Amino acid sequence: MFRKYRTLPTHDPESIVSMESLSNVKPTLPLEQASAALYAPYPNYNAFKLGQWYWADGAQKSQYSFQSLLKVVGDKGFNPDDVRGVNWASINSRLGLNDWDGDDGWEDADAGWRVSSVTIEVPFHRNSLHPGVREFTVKSFYRCSLVSVIREKLELKVVDIPHFHLEPFELMWRPGPQEEPTRLHGEIYTSSSFLKAHEDLQASPPEPSCTLPRYVVALMFWSDGTHLTDFGTASLTPLYMQYGNESKYRRCKPTMHLTDHVAYFEELPDKFKAWSSQYLGKNKTNSEFLSHCRRELAHAQWRLLLDDDFINAYQHGLVVQWEDGISRRFYPRIFCYSADYKEKALMATVRMNGLVPCPRCKVPKAAAHLVGTKKDKKDRVQLERLDEGSRRTNISEARNKIYKENHKVDSAHVKRLLMPESLVPTV
C-alpha cells in the first residue's frame, strides 16, 4: 500500500502509527501491575478477598461469616504482608463514589456549557378559536459553543495533535508489480469528499493579507434519542461530535476521549398540548400539527448551535498556533450526520415514509423493490436531492399559506406544493 498526495504534506501522522494504536488488545503487564489493575481500588488479591468478605457477608456477623473469614486467612496463598498497612478507609470511600461525584454539574458555564431558551412560532389555522401565529418557548436547551470546542481541540489537546491529519490523500494498493493500483477507502481523510473540500479551500481567495496555510477540520455528528427509564416516556437526545481528521481506529476507543459532547436536544414538553388547546378551541391537536412544531423546535436548536461565531469560522477560519510554532488557519466543515431514519428525515426536512421517503434522493417509494439494481443506482445519482430554487420556492409558498394566510399545516393548499417530493414546511 502507498499514499498519494495532491500536494507535499507538511504533517505526517501516519509516521507514528503503531500496532498498539490500531488494536484494542492491551500488552501484557508485569504481574504486580496486572494485580493492581485487576483488583483496584484494592492493591492486591488478598486485600480484595478480605474486603469482599467484609461487605458481602452483611453487617450482622455469624458463625457462618466467621468460617468464611477463616477460609480467606487460612488459604495457602494468603500473605499477611498484603493486607498489612492497607488504608481501608480510603478504599471504602472510593468504593462509594460515583463517576460524577465531585462535579459541579455538566451545565456549569465554566465547563463550556450554556443554557438557552428556544422560541418557535406556532401557527393556528383560520378555524381555530384564536387564529394566527403565537410564540412558544422551550427552556433549558443545554449546548456548548462549537467554535470553543473546536478551538480547545486544536489549541489545548496537544496529545491529539500528532495524530491529526491536515492534508488528505488517496490510499492505494498494488496487488503485484505489474498490476494497476486500486484505491482503498476507510477514513474520512482519504475520501473524495475531504479531497474536494481541501482543494476547494486552497482554490478559494485567502483572507486579506494572510499567508497562513489553510486546512479543513472535518466535523462528524451523531445523535439518537435515548430512553432514560425502563418504564415511562422520559428520554434524552444528546449530540456528539468527532473529527474526521483522526483515524477511526483511535476514535472508536473510549479511552482516547476523542468524542465531544456538545448538546442535549429538547423536545416539545407535555404542557404544549394544553398550551395550544387554548388557541385551538374545540379543534384538537393532530399529528401533522405536532410533527410540524417538533421540526420547528429541532431546527431552531440547530440554528443556535450554528451561531454567528460558527458561520464566521466557516467563512474566515480559526487561527491557531501549534507547538511547532507555526500558525495555521482552520476551516470547520460538516462532513456527516449519523442518525436513524427518523432523525435523518427530520434534519433533511423530508416527510417520513412519504411518497418519496429517502432523505438523499427522490426515488419514489413505489420503486423501493428495485434497491440494489443497476437502475436504482443510476436513479439515486440522477434524482439526488438538492437545495435548489424550486424546492425553496415550494417551501416558501407553503409557509406563506400556513403563517400568513392561516391555512392548516395539512391543508390541501400545502399538500399540493409539498407532497410530490415529500417535503415539509420547515427551513
# chains A, B, ... in the order shown; residues from 1 in each chain; ligands from 1
>>> residues_around(residues="segment 127-135 of chain A", least_positions_apart="5", cutoff="8 Å", atoms="only C-alpha atoms", output="list in words")
Thr119, Ile120, Glu121, Val122, Gln278, Tyr279, Leu280, Gly281, Lys282, Asn283, Tyr403, Lys404 and Asn406 of chain A
>>> residues_around(residues="Asp309 of chain A", least_positions_apart="3", cutoff="9 Å", atoms="only C-alpha atoms", output="number ranges by chain")
A: 145-147, 306, 312-314
>>> write_last_selection(atoms="all heavy atoms", output="PDB file, in the first residue's frame")
ATOM      1  N   SER A 145     -20.566  25.865  22.793  1.00  0.00           N
ATOM      2  CA  SER A 145     -20.185  26.595  21.592  1.00  0.00           C
ATOM      3  C   SER A 145     -19.301  25.692  20.738  1.00  0.00           C
ATOM      4  O   SER A 145     -18.254  25.232  21.186  1.00  0.00           O
ATOM      5  CB  SER A 145     -19.427  27.868  21.967  1.00  0.00           C
ATOM      6  OG  SER A 145     -18.765  28.405  20.845  1.00  0.00           O
ATOM      7  N   LEU A 146     -19.729  25.430  19.502  1.00  0.00           N
ATOM      8  CA  LEU A 146     -18.945  24.555  18.630  1.00  0.00           C
ATOM      9  C   LEU A 146     -17.568  25.149  18.361  1.00  0.00           C
ATOM     10  O   LEU A 146     -16.565  24.420  18.320  1.00  0.00           O
ATOM     11  CB  LEU A 146     -19.687  24.327  17.313  1.00  0.00           C
ATOM     12  CG  LEU A 146     -21.021  23.577  17.397  1.00  0.00           C
ATOM     13  CD1 LEU A 146     -21.602  23.369  16.002  1.00  0.00           C
ATOM     14  CD2 LEU A 146     -20.850  22.233  18.096  1.00  0.00           C
ATOM     15  N   VAL A 147     -17.507  26.455  18.193  1.00  0.00           N
ATOM     16  CA  VAL A 147     -16.218  27.101  17.937  1.00  0.00           C
ATOM     17  C   VAL A 147     -15.287  26.934  19.135  1.00  0.00           C
ATOM     18  O   VAL A 147     -14.092  26.655  18.975  1.00  0.00           O
ATOM     19  CB  VAL A 147     -16.421  28.595  17.605  1.00  0.00           C
ATOM     20  CG1 VAL A 147     -15.079  29.328  17.562  1.00  0.00           C
ATOM     21  CG2 VAL A 147     -17.136  28.744  16.273  1.00  0.00           C
ATOM     22  N   LEU A 306     -25.346  26.435  15.266  1.00  0.00           N
ATOM     23  CA  LEU A 306     -24.615  27.014  14.129  1.00  0.00           C
ATOM     24  C   LEU A 306     -24.753  28.537  14.195  1.00  0.00           C
ATOM     25  O   LEU A 306     -25.324  29.179  13.310  1.00  0.00           O
ATOM     26  CB  LEU A 306     -25.154  26.458  12.813  1.00  0.00           C
ATOM     27  CG  LEU A 306     -25.143  24.928  12.691  1.00  0.00           C
ATOM     28  CD1 LEU A 306     -25.714  24.497  11.348  1.00  0.00           C
ATOM     29  CD2 LEU A 306     -23.744  24.364  12.881  1.00  0.00           C
ATOM     30  N   ASN A 312     -18.862  32.514  11.077  1.00  0.00           N
ATOM     31  CA  ASN A 312     -17.655  33.307  10.834  1.00  0.00           C
ATOM     32  C   ASN A 312     -16.428  32.400  10.694  1.00  0.00           C
ATOM     33  O   ASN A 312     -15.582  32.621   9.816  1.00  0.00           O
ATOM     34  CB  ASN A 312     -17.445  34.291  11.987  1.00  0.00           C
ATOM     35  CG  ASN A 312     -16.266  35.209  11.748  1.00  0.00           C
ATOM     36  OD1 ASN A 312     -16.300  36.098  10.910  1.00  0.00           O
ATOM     37  ND2 ASN A 312     -15.193  34.988  12.503  1.00  0.00           N
ATOM     38  N   ALA A 313     -16.344  31.380  11.556  1.00  0.00           N
ATOM     39  CA  ALA A 313     -15.230  30.427  11.454  1.00  0.00           C
ATOM     40  C   ALA A 313     -15.317  29.630  10.160  1.00  0.00           C
ATOM     41  O   ALA A 313     -14.289  29.314   9.534  1.00  0.00           O
ATOM     42  CB  ALA A 313     -15.236  29.489  12.660  1.00  0.00           C
ATOM     43  N   TYR A 314     -16.525  29.280   9.737  1.00  0.00           N
ATOM     44  CA  TYR A 314     -16.728  28.543   8.489  1.00  0.00           C
ATOM     45  C   TYR A 314     -16.223  29.359   7.300  1.00  0.00           C
ATOM     46  O   TYR A 314     -15.609  28.828   6.373  1.00  0.00           O
ATOM     47  CB  TYR A 314     -18.203  28.219   8.335  1.00  0.00           C
ATOM     48  CG  TYR A 314     -18.543  27.296   7.190  1.00  0.00           C
ATOM     49  CD1 TYR A 314     -18.701  25.929   7.397  1.00  0.00           C
ATOM     50  CD2 TYR A 314     -18.708  27.783   5.889  1.00  0.00           C
ATOM     51  CE1 TYR A 314     -19.015  25.074   6.350  1.00  0.00           C
ATOM     52  CE2 TYR A 314     -19.026  26.943   4.844  1.00  0.00           C
ATOM     53  CZ  TYR A 314     -19.174  25.590   5.075  1.00  0.00           C
ATOM     54  OH  TYR A 314     -19.479  24.741   4.028  1.00  0.00           O
TER      55      TYR A 314
END
>>> select_by_dssp(residues="segment 301-360 of chain A", states="strand (DSSP E or B)", output="list in words")
Leu318, Val319, Val320, Gln321, Ser327, Arg328, Arg329, Phe330, Tyr331, Pro332, Arg333, Ile334, Phe335, Cys336, Tyr337, Ser338 and Val350 of chain A
>>> write_last_selection(atoms="N, CA, C and O atoms", output="short mmCIF file (atom, residue, chain, number, x, y, z; two decimals), in the first residue's frame")
data_model
loop_
_atom_site.label_atom_id
_atom_site.label_comp_id
_atom_site.auth_asym_id
_atom_site.auth_seq_id
_atom_site.Cartn_x
_atom_site.Cartn_y
_atom_site.Cartn_z
N LEU A 318 -10.28 29.70 11.71
CA LEU A 318 -9.78 29.94 13.07
C LEU A 318 -8.26 29.88 13.03
O LEU A 318 -7.69 28.87 12.59
N VAL A 319 -7.60 30.91 13.49
CA VAL A 319 -6.13 30.93 13.51
C VAL A 319 -5.65 30.30 14.81
O VAL A 319 -6.02 30.74 15.91
N VAL A 320 -4.86 29.24 14.69
CA VAL A 320 -4.35 28.50 15.84
C VAL A 320 -2.86 28.26 15.64
O VAL A 320 -2.43 27.88 14.54
N GLN A 321 -2.10 28.47 16.70
CA GLN A 321 -0.66 28.18 16.66
C GLN A 321 -0.38 26.89 17.40
O GLN A 321 -0.74 26.74 18.56
N SER A 327 1.62 29.01 12.88
CA SER A 327 0.19 29.36 12.94
C SER A 327 -0.50 28.86 11.68
O SER A 327 0.04 28.96 10.57
N ARG A 328 -1.68 28.34 11.86
CA ARG A 328 -2.46 27.80 10.75
C ARG A 328 -3.88 28.32 10.83
O ARG A 328 -4.37 28.65 11.91
N ARG A 329 -4.56 28.33 9.70
CA ARG A 329 -5.96 28.78 9.68
C ARG A 329 -6.82 27.55 9.37
O ARG A 329 -6.69 26.92 8.31
N PHE A 330 -7.73 27.22 10.30
CA PHE A 330 -8.56 26.02 10.18
C PHE A 330 -10.00 26.41 9.86
O PHE A 330 -10.57 27.31 10.50
N TYR A 331 -10.59 25.68 8.91
CA TYR A 331 -11.95 25.96 8.47
C TYR A 331 -12.84 24.74 8.79
O TYR A 331 -12.64 23.66 8.23
N PRO A 332 -13.81 24.90 9.71
CA PRO A 332 -14.70 23.75 10.01
C PRO A 332 -15.64 23.47 8.85
O PRO A 332 -16.20 24.38 8.24
N ARG A 333 -15.79 22.20 8.55
CA ARG A 333 -16.73 21.73 7.52
C ARG A 333 -17.47 20.52 8.08
O ARG A 333 -16.87 19.64 8.67
N ILE A 334 -18.78 20.47 7.88
CA ILE A 334 -19.59 19.36 8.36
C ILE A 334 -19.61 18.27 7.29
O ILE A 334 -20.10 18.51 6.17
N PHE A 335 -19.11 17.10 7.64
CA PHE A 335 -18.99 16.01 6.66
C PHE A 335 -20.11 14.98 6.79
O PHE A 335 -20.53 14.41 5.80
N CYS A 336 -20.56 14.71 7.99
CA CYS A 336 -21.61 13.70 8.12
C CYS A 336 -22.42 13.93 9.38
O CYS A 336 -21.95 14.54 10.34
N TYR A 337 -23.64 13.44 9.32
CA TYR A 337 -24.55 13.46 10.47
C TYR A 337 -25.14 12.06 10.56
O TYR A 337 -25.94 11.67 9.71
N SER A 338 -24.73 11.31 11.55
CA SER A 338 -25.17 9.92 11.69
C SER A 338 -26.36 9.84 12.63
O SER A 338 -26.28 10.31 13.77
N VAL A 350 -37.68 16.21 5.33
CA VAL A 350 -38.39 15.31 4.42
C VAL A 350 -39.49 14.61 5.21
O VAL A 350 -39.28 14.24 6.38
#
>>> atom_distance(atom1="atom CA of Gly58 of chain A", atom2="atom CA of Ile91 of chain A")
17.6 Å
>>> closest_residue(among="A:Val118, A:Ala218, A:Leu50, A:Ile395", to="Val424 of chain A", atoms="only C-alpha atoms")
A:Ile395
>>> closest_residue(among="A:Asn87, A:Lys49, A:Ala59, A:Lys4", to="Gly74 of chain A", atoms="only C-alpha atoms")
A:Lys49
>>> closest_atom_pairs(of="segment 172-196 of chain A", to="segment 203-216 of chain A", cutoff="10 Å", atoms="only C-alpha atoms", output="JSON lines")
{"residue": "A:Tyr189", "atom": "CA", "partner": "A:Val216", "partner_atom": "CA", "distance": 9.8}
{"residue": "A:Phe194", "atom": "CA", "partner": "A:Val216", "partner_atom": "CA", "distance": 8.1}
{"residue": "A:Leu195", "atom": "CA", "partner": "A:Val216", "partner_atom": "CA", "distance": 9.7}
>>> closest_residue(among="A:Pro269, A:Gly225, A:Gly85, A:Pro9", to="Cys293 of chain A", atoms="only C-alpha atoms")
A:Pro269
>>> atom_distance(atom1="atom CA of Gly389 of chain A", atom2="atom CA of Val409 of chain A")
21.9 Å
>>> closest_residue(among="A:Tyr42, A:Phe164, A:Phe272, A:Phe265", to="Glu246 of chain A", atoms="only C-alpha atoms")
A:Phe164
>>> select_by_dssp(residues="segment 28-220 of chain A", states="helix (DSSP H, G or I)", output="mmCIF file with N, CA and C atoms, in the first residue's frame")
data_model
loop_
_atom_site.group_PDB
_atom_site.id
_atom_site.type_symbol
_atom_site.label_atom_id
_atom_site.label_comp_id
_atom_site.auth_asym_id
_atom_site.auth_seq_id
_atom_site.Cartn_x
_atom_site.Cartn_y
_atom_site.Cartn_z
ATOM 1 N N LEU A 31 3.365 -8.816 36.509
ATOM 2 C CA LEU A 31 2.426 -9.418 37.446
ATOM 3 C C LEU A 31 1.935 -8.424 38.490
ATOM 4 N N GLU A 32 2.844 -7.623 39.037
ATOM 5 C CA GLU A 32 2.452 -6.691 40.085
ATOM 6 C C GLU A 32 1.485 -5.636 39.542
ATOM 7 N N GLN A 33 1.775 -5.103 38.334
ATOM 8 C CA GLN A 33 0.890 -4.105 37.742
ATOM 9 C C GLN A 33 -0.456 -4.718 37.372
ATOM 10 N N ALA A 34 -0.448 -5.957 36.832
ATOM 11 C CA ALA A 34 -1.682 -6.623 36.469
ATOM 12 C C ALA A 34 -2.555 -6.843 37.691
ATOM 13 N N SER A 35 -1.950 -7.220 38.801
ATOM 14 C CA SER A 35 -2.692 -7.451 40.036
ATOM 15 C C SER A 35 -3.366 -6.172 40.509
ATOM 16 N N ALA A 36 -2.624 -5.070 40.472
ATOM 17 C CA ALA A 36 -3.178 -3.798 40.924
ATOM 18 C C ALA A 36 -4.322 -3.344 40.023
ATOM 19 N N ALA A 37 -4.202 -3.602 38.708
ATOM 20 C CA ALA A 37 -5.236 -3.179 37.775
ATOM 21 C C ALA A 37 -6.508 -4.014 37.918
ATOM 22 N N LEU A 38 -6.346 -5.315 38.187
ATOM 23 C CA LEU A 38 -7.486 -6.213 38.272
ATOM 24 C C LEU A 38 -8.327 -5.994 39.516
ATOM 25 N N TYR A 39 -7.688 -5.660 40.625
ATOM 26 C CA TYR A 39 -8.397 -5.612 41.902
ATOM 27 C C TYR A 39 -8.567 -4.206 42.447
ATOM 28 N N TYR A 45 -4.784 -9.167 45.481
ATOM 29 C CA TYR A 45 -5.836 -10.188 45.581
ATOM 30 C C TYR A 45 -6.267 -10.439 47.021
ATOM 31 N N ASN A 46 -5.312 -10.563 47.931
ATOM 32 C CA ASN A 46 -5.657 -10.867 49.319
ATOM 33 C C ASN A 46 -6.444 -9.732 49.968
ATOM 34 N N ALA A 47 -6.073 -8.499 49.675
ATOM 35 C CA ALA A 47 -6.832 -7.365 50.204
ATOM 36 C C ALA A 47 -8.255 -7.361 49.629
ATOM 37 N N PHE A 48 -8.384 -7.724 48.357
ATOM 38 C CA PHE A 48 -9.696 -7.798 47.733
ATOM 39 C C PHE A 48 -10.571 -8.862 48.395
ATOM 40 N N LYS A 49 -10.006 -10.055 48.655
ATOM 41 C CA LYS A 49 -10.774 -11.130 49.278
ATOM 42 C C LYS A 49 -11.231 -10.747 50.674
ATOM 43 N N LEU A 50 -10.383 -10.054 51.415
ATOM 44 C CA LEU A 50 -10.754 -9.636 52.758
ATOM 45 C C LEU A 50 -11.856 -8.572 52.704
ATOM 46 N N GLY A 51 -11.720 -7.636 51.778
ATOM 47 C CA GLY A 51 -12.765 -6.627 51.610
ATOM 48 C C GLY A 51 -14.073 -7.236 51.146
ATOM 49 N N GLN A 52 -13.986 -8.224 50.256
ATOM 50 C CA GLN A 52 -15.190 -8.901 49.776
ATOM 51 C C GLN A 52 -15.909 -9.601 50.927
ATOM 52 N N TRP A 53 -15.136 -10.222 51.802
ATOM 53 C CA TRP A 53 -15.754 -10.883 52.969
ATOM 54 C C TRP A 53 -16.500 -9.863 53.827
ATOM 55 N N TYR A 54 -15.881 -8.705 54.055
ATOM 56 C CA TYR A 54 -16.465 -7.707 54.937
ATOM 57 C C TYR A 54 -17.792 -7.184 54.388
ATOM 58 N N TRP A 55 -17.821 -6.896 53.076
ATOM 59 C CA TRP A 55 -19.010 -6.283 52.507
ATOM 60 C C TRP A 55 -20.065 -7.316 52.098
ATOM 61 N N ALA A 56 -19.651 -8.465 51.590
ATOM 62 C CA ALA A 56 -20.602 -9.432 51.043
ATOM 63 C C ALA A 56 -21.375 -10.181 52.120
ATOM 64 N N GLN A 63 -21.597 -17.222 62.848
ATOM 65 C CA GLN A 63 -20.619 -18.311 62.782
ATOM 66 C C GLN A 63 -20.292 -18.670 61.330
ATOM 67 N N TYR A 64 -21.297 -18.606 60.478
ATOM 68 C CA TYR A 64 -21.049 -18.878 59.060
ATOM 69 C C TYR A 64 -20.097 -17.830 58.482
ATOM 70 N N SER A 65 -20.317 -16.568 58.867
ATOM 71 C CA SER A 65 -19.441 -15.497 58.404
ATOM 72 C C SER A 65 -18.034 -15.696 58.928
ATOM 73 N N PHE A 66 -17.941 -16.157 60.186
ATOM 74 C CA PHE A 66 -16.621 -16.396 60.773
ATOM 75 C C PHE A 66 -15.880 -17.502 60.017
ATOM 76 N N GLN A 67 -16.595 -18.541 59.616
ATOM 77 C CA GLN A 67 -15.985 -19.621 58.848
ATOM 78 C C GLN A 67 -15.500 -19.118 57.488
ATOM 79 N N SER A 68 -16.262 -18.189 56.902
ATOM 80 C CA SER A 68 -15.837 -17.601 55.627
ATOM 81 C C SER A 68 -14.544 -16.813 55.793
ATOM 82 N N LEU A 69 -14.425 -16.103 56.918
ATOM 83 C CA LEU A 69 -13.195 -15.359 57.192
ATOM 84 C C LEU A 69 -12.017 -16.302 57.358
ATOM 85 N N LEU A 70 -12.254 -17.410 58.045
ATOM 86 C CA LEU A 70 -11.169 -18.378 58.245
ATOM 87 C C LEU A 70 -10.685 -18.953 56.910
ATOM 88 N N LYS A 71 -11.626 -19.124 55.958
ATOM 89 C CA LYS A 71 -11.220 -19.628 54.650
ATOM 90 C C LYS A 71 -10.321 -18.629 53.924
ATOM 91 N N VAL A 72 -10.589 -17.337 54.149
ATOM 92 C CA VAL A 72 -9.780 -16.314 53.497
ATOM 93 C C VAL A 72 -8.374 -16.279 54.078
ATOM 94 N N VAL A 73 -8.277 -16.176 55.421
ATOM 95 C CA VAL A 73 -6.959 -16.025 56.059
ATOM 96 C C VAL A 73 -6.233 -17.354 56.165
ATOM 97 N N PRO A 80 -0.077 -12.265 54.939
ATOM 98 C CA PRO A 80 -0.435 -11.142 55.831
ATOM 99 C C PRO A 80 0.200 -9.820 55.402
ATOM 100 N N ASP A 81 1.378 -9.882 54.759
ATOM 101 C CA ASP A 81 2.026 -8.642 54.332
ATOM 102 C C ASP A 81 1.194 -7.890 53.296
ATOM 103 N N ASP A 82 0.314 -8.616 52.544
ATOM 104 C CA ASP A 82 -0.510 -7.976 51.524
ATOM 105 C C ASP A 82 -1.586 -7.069 52.113
ATOM 106 N N TRP A 88 -7.822 1.053 54.595
ATOM 107 C CA TRP A 88 -9.173 0.561 54.335
ATOM 108 C C TRP A 88 -10.181 1.699 54.228
ATOM 109 N N ALA A 89 -10.012 2.751 55.015
ATOM 110 C CA ALA A 89 -10.950 3.884 54.968
ATOM 111 C C ALA A 89 -10.943 4.545 53.593
ATOM 112 N N SER A 90 -9.747 4.707 53.015
ATOM 113 C CA SER A 90 -9.640 5.310 51.696
ATOM 114 C C SER A 90 -10.292 4.428 50.632
ATOM 115 N N ILE A 91 -10.081 3.107 50.731
ATOM 116 C CA ILE A 91 -10.670 2.182 49.763
ATOM 117 C C ILE A 91 -12.187 2.205 49.857
ATOM 118 N N ASN A 92 -12.720 2.202 51.086
ATOM 119 C CA ASN A 92 -14.171 2.217 51.250
ATOM 120 C C ASN A 92 -14.785 3.506 50.708
ATOM 121 N N SER A 93 -14.069 4.625 50.838
ATOM 122 C CA SER A 93 -14.556 5.896 50.302
ATOM 123 C C SER A 93 -14.603 5.848 48.780
ATOM 124 N N ARG A 94 -13.585 5.263 48.167
ATOM 125 C CA ARG A 94 -13.547 5.166 46.714
ATOM 126 C C ARG A 94 -14.627 4.236 46.191
ATOM 127 N N LEU A 95 -14.941 3.182 46.947
ATOM 128 C CA LEU A 95 -15.995 2.265 46.530
ATOM 129 C C LEU A 95 -17.357 2.952 46.524
ATOM 130 N N ALA A 109 -21.186 26.674 33.446
ATOM 131 C CA ALA A 109 -20.673 27.512 32.355
ATOM 132 C C ALA A 109 -19.159 27.432 32.263
ATOM 133 N N ASP A 110 -18.493 27.189 33.403
ATOM 134 C CA ASP A 110 -17.043 27.096 33.375
ATOM 135 C C ASP A 110 -16.580 25.863 32.602
ATOM 136 N N ALA A 111 -17.445 24.863 32.489
ATOM 137 C CA ALA A 111 -17.104 23.660 31.734
ATOM 138 C C ALA A 111 -17.478 23.800 30.263
ATOM 139 N N LEU A 146 -19.729 25.430 19.502
ATOM 140 C CA LEU A 146 -18.945 24.555 18.630
ATOM 141 C C LEU A 146 -17.568 25.149 18.361
ATOM 142 N N VAL A 147 -17.507 26.455 18.193
ATOM 143 C CA VAL A 147 -16.218 27.101 17.937
ATOM 144 C C VAL A 147 -15.287 26.934 19.135
ATOM 145 N N SER A 148 -15.823 27.081 20.347
ATOM 146 C CA SER A 148 -14.994 26.908 21.549
ATOM 147 C C SER A 148 -14.481 25.486 21.667
ATOM 148 N N VAL A 149 -15.337 24.512 21.349
ATOM 149 C CA VAL A 149 -14.925 23.103 21.423
ATOM 150 C C VAL A 149 -13.833 22.816 20.391
ATOM 151 N N ILE A 150 -14.002 23.332 19.164
ATOM 152 C CA ILE A 150 -13.006 23.122 18.113
ATOM 153 C C ILE A 150 -11.686 23.792 18.477
ATOM 154 N N ARG A 151 -11.775 25.011 18.974
ATOM 155 C CA ARG A 151 -10.547 25.731 19.341
ATOM 156 C C ARG A 151 -9.824 25.030 20.492
ATOM 157 N N GLU A 152 -10.584 24.533 21.459
ATOM 158 C CA GLU A 152 -9.959 23.797 22.563
ATOM 159 C C GLU A 152 -9.249 22.553 22.042
ATOM 160 N N LYS A 153 -9.879 21.890 21.085
ATOM 161 C CA LYS A 153 -9.277 20.697 20.493
ATOM 162 C C LYS A 153 -7.945 21.028 19.824
ATOM 163 N N LEU A 154 -7.917 22.101 19.055
ATOM 164 C CA LEU A 154 -6.734 22.440 18.271
ATOM 165 C C LEU A 154 -5.643 23.115 19.097
ATOM 166 N N GLU A 155 -6.027 23.782 20.190
ATOM 167 C CA GLU A 155 -5.044 24.537 20.969
ATOM 168 C C GLU A 155 -4.549 23.802 22.203
ATOM 169 N N ILE A 161 -2.702 16.216 18.701
ATOM 170 C CA ILE A 161 -2.223 16.926 17.513
ATOM 171 C C ILE A 161 -1.335 16.053 16.615
ATOM 172 N N PRO A 162 -0.407 15.262 17.158
ATOM 173 C CA PRO A 162 0.425 14.429 16.261
ATOM 174 C C PRO A 162 -0.381 13.473 15.395
ATOM 175 N N HIS A 163 -1.623 13.145 15.816
ATOM 176 C CA HIS A 163 -2.456 12.194 15.081
ATOM 177 C C HIS A 163 -3.492 12.888 14.200
ATOM 178 N N ILE A 188 -12.125 9.207 6.703
ATOM 179 C CA ILE A 188 -12.643 10.462 6.162
ATOM 180 C C ILE A 188 -11.557 11.197 5.387
ATOM 181 N N TYR A 189 -10.330 11.214 5.953
ATOM 182 C CA TYR A 189 -9.258 11.988 5.320
ATOM 183 C C TYR A 189 -8.683 11.309 4.077
ATOM 184 N N THR A 190 -9.182 10.122 3.708
ATOM 185 C CA THR A 190 -8.810 9.513 2.426
ATOM 186 C C THR A 190 -9.988 9.513 1.447
ATOM 187 N N SER A 192 -13.053 11.053 -1.112
ATOM 188 C CA SER A 192 -13.151 12.049 -2.184
ATOM 189 C C SER A 192 -13.746 13.351 -1.657
ATOM 190 N N SER A 193 -14.638 13.257 -0.685
ATOM 191 C CA SER A 193 -15.264 14.458 -0.114
ATOM 192 C C SER A 193 -14.230 15.335 0.574
ATOM 193 N N PHE A 194 -13.327 14.727 1.337
ATOM 194 C CA PHE A 194 -12.291 15.500 2.021
ATOM 195 C C PHE A 194 -11.325 16.105 0.999
ATOM 196 N N LEU A 195 -10.954 15.318 -0.006
ATOM 197 C CA LEU A 195 -10.056 15.826 -1.044
ATOM 198 C C LEU A 195 -10.666 17.035 -1.753
ATOM 199 N N LYS A 196 -11.950 16.944 -2.080
ATOM 200 C CA LYS A 196 -12.611 18.054 -2.768
ATOM 201 C C LYS A 196 -12.695 19.288 -1.859
ATOM 202 N N ALA A 197 -13.056 19.068 -0.582
ATOM 203 C CA ALA A 197 -13.156 20.197 0.345
ATOM 204 C C ALA A 197 -11.800 20.878 0.516
ATOM 205 N N HIS A 198 -10.738 20.072 0.581
ATOM 206 C CA HIS A 198 -9.385 20.621 0.728
ATOM 207 C C HIS A 198 -8.982 21.409 -0.522
ATOM 208 N N GLU A 199 -9.259 20.852 -1.688
ATOM 209 C CA GLU A 199 -8.889 21.540 -2.931
ATOM 210 C C GLU A 199 -9.715 22.806 -3.131
ATOM 211 N N ASP A 200 -11.016 22.751 -2.785
ATOM 212 C CA ASP A 200 -11.857 23.943 -2.901
ATOM 213 C C ASP A 200 -11.355 25.049 -1.975
ATOM 214 N N LEU A 201 -10.914 24.660 -0.790
ATOM 215 C CA LEU A 201 -10.406 25.654 0.155
ATOM 216 C C LEU A 201 -9.125 26.295 -0.373
ATOM 217 N N GLN A 202 -8.231 25.481 -0.909
ATOM 218 C CA GLN A 202 -6.969 26.018 -1.423
ATOM 219 C C GLN A 202 -7.196 26.906 -2.653
ATOM 220 N N ALA A 203 -8.246 26.613 -3.402
ATOM 221 C CA ALA A 203 -8.518 27.399 -4.610
ATOM 222 C C ALA A 203 -9.285 28.683 -4.313
#
>>> closest_residue(among="A:His185, A:Ala348, A:Lys374, A:Asp160", to="Arg250 of chain A", atoms="only C-alpha atoms")
A:Asp160
>>> atom_distance(atom1="atom CA of Lys408 of chain A", atom2="atom CA of His125 of chain A")
5.1 Å
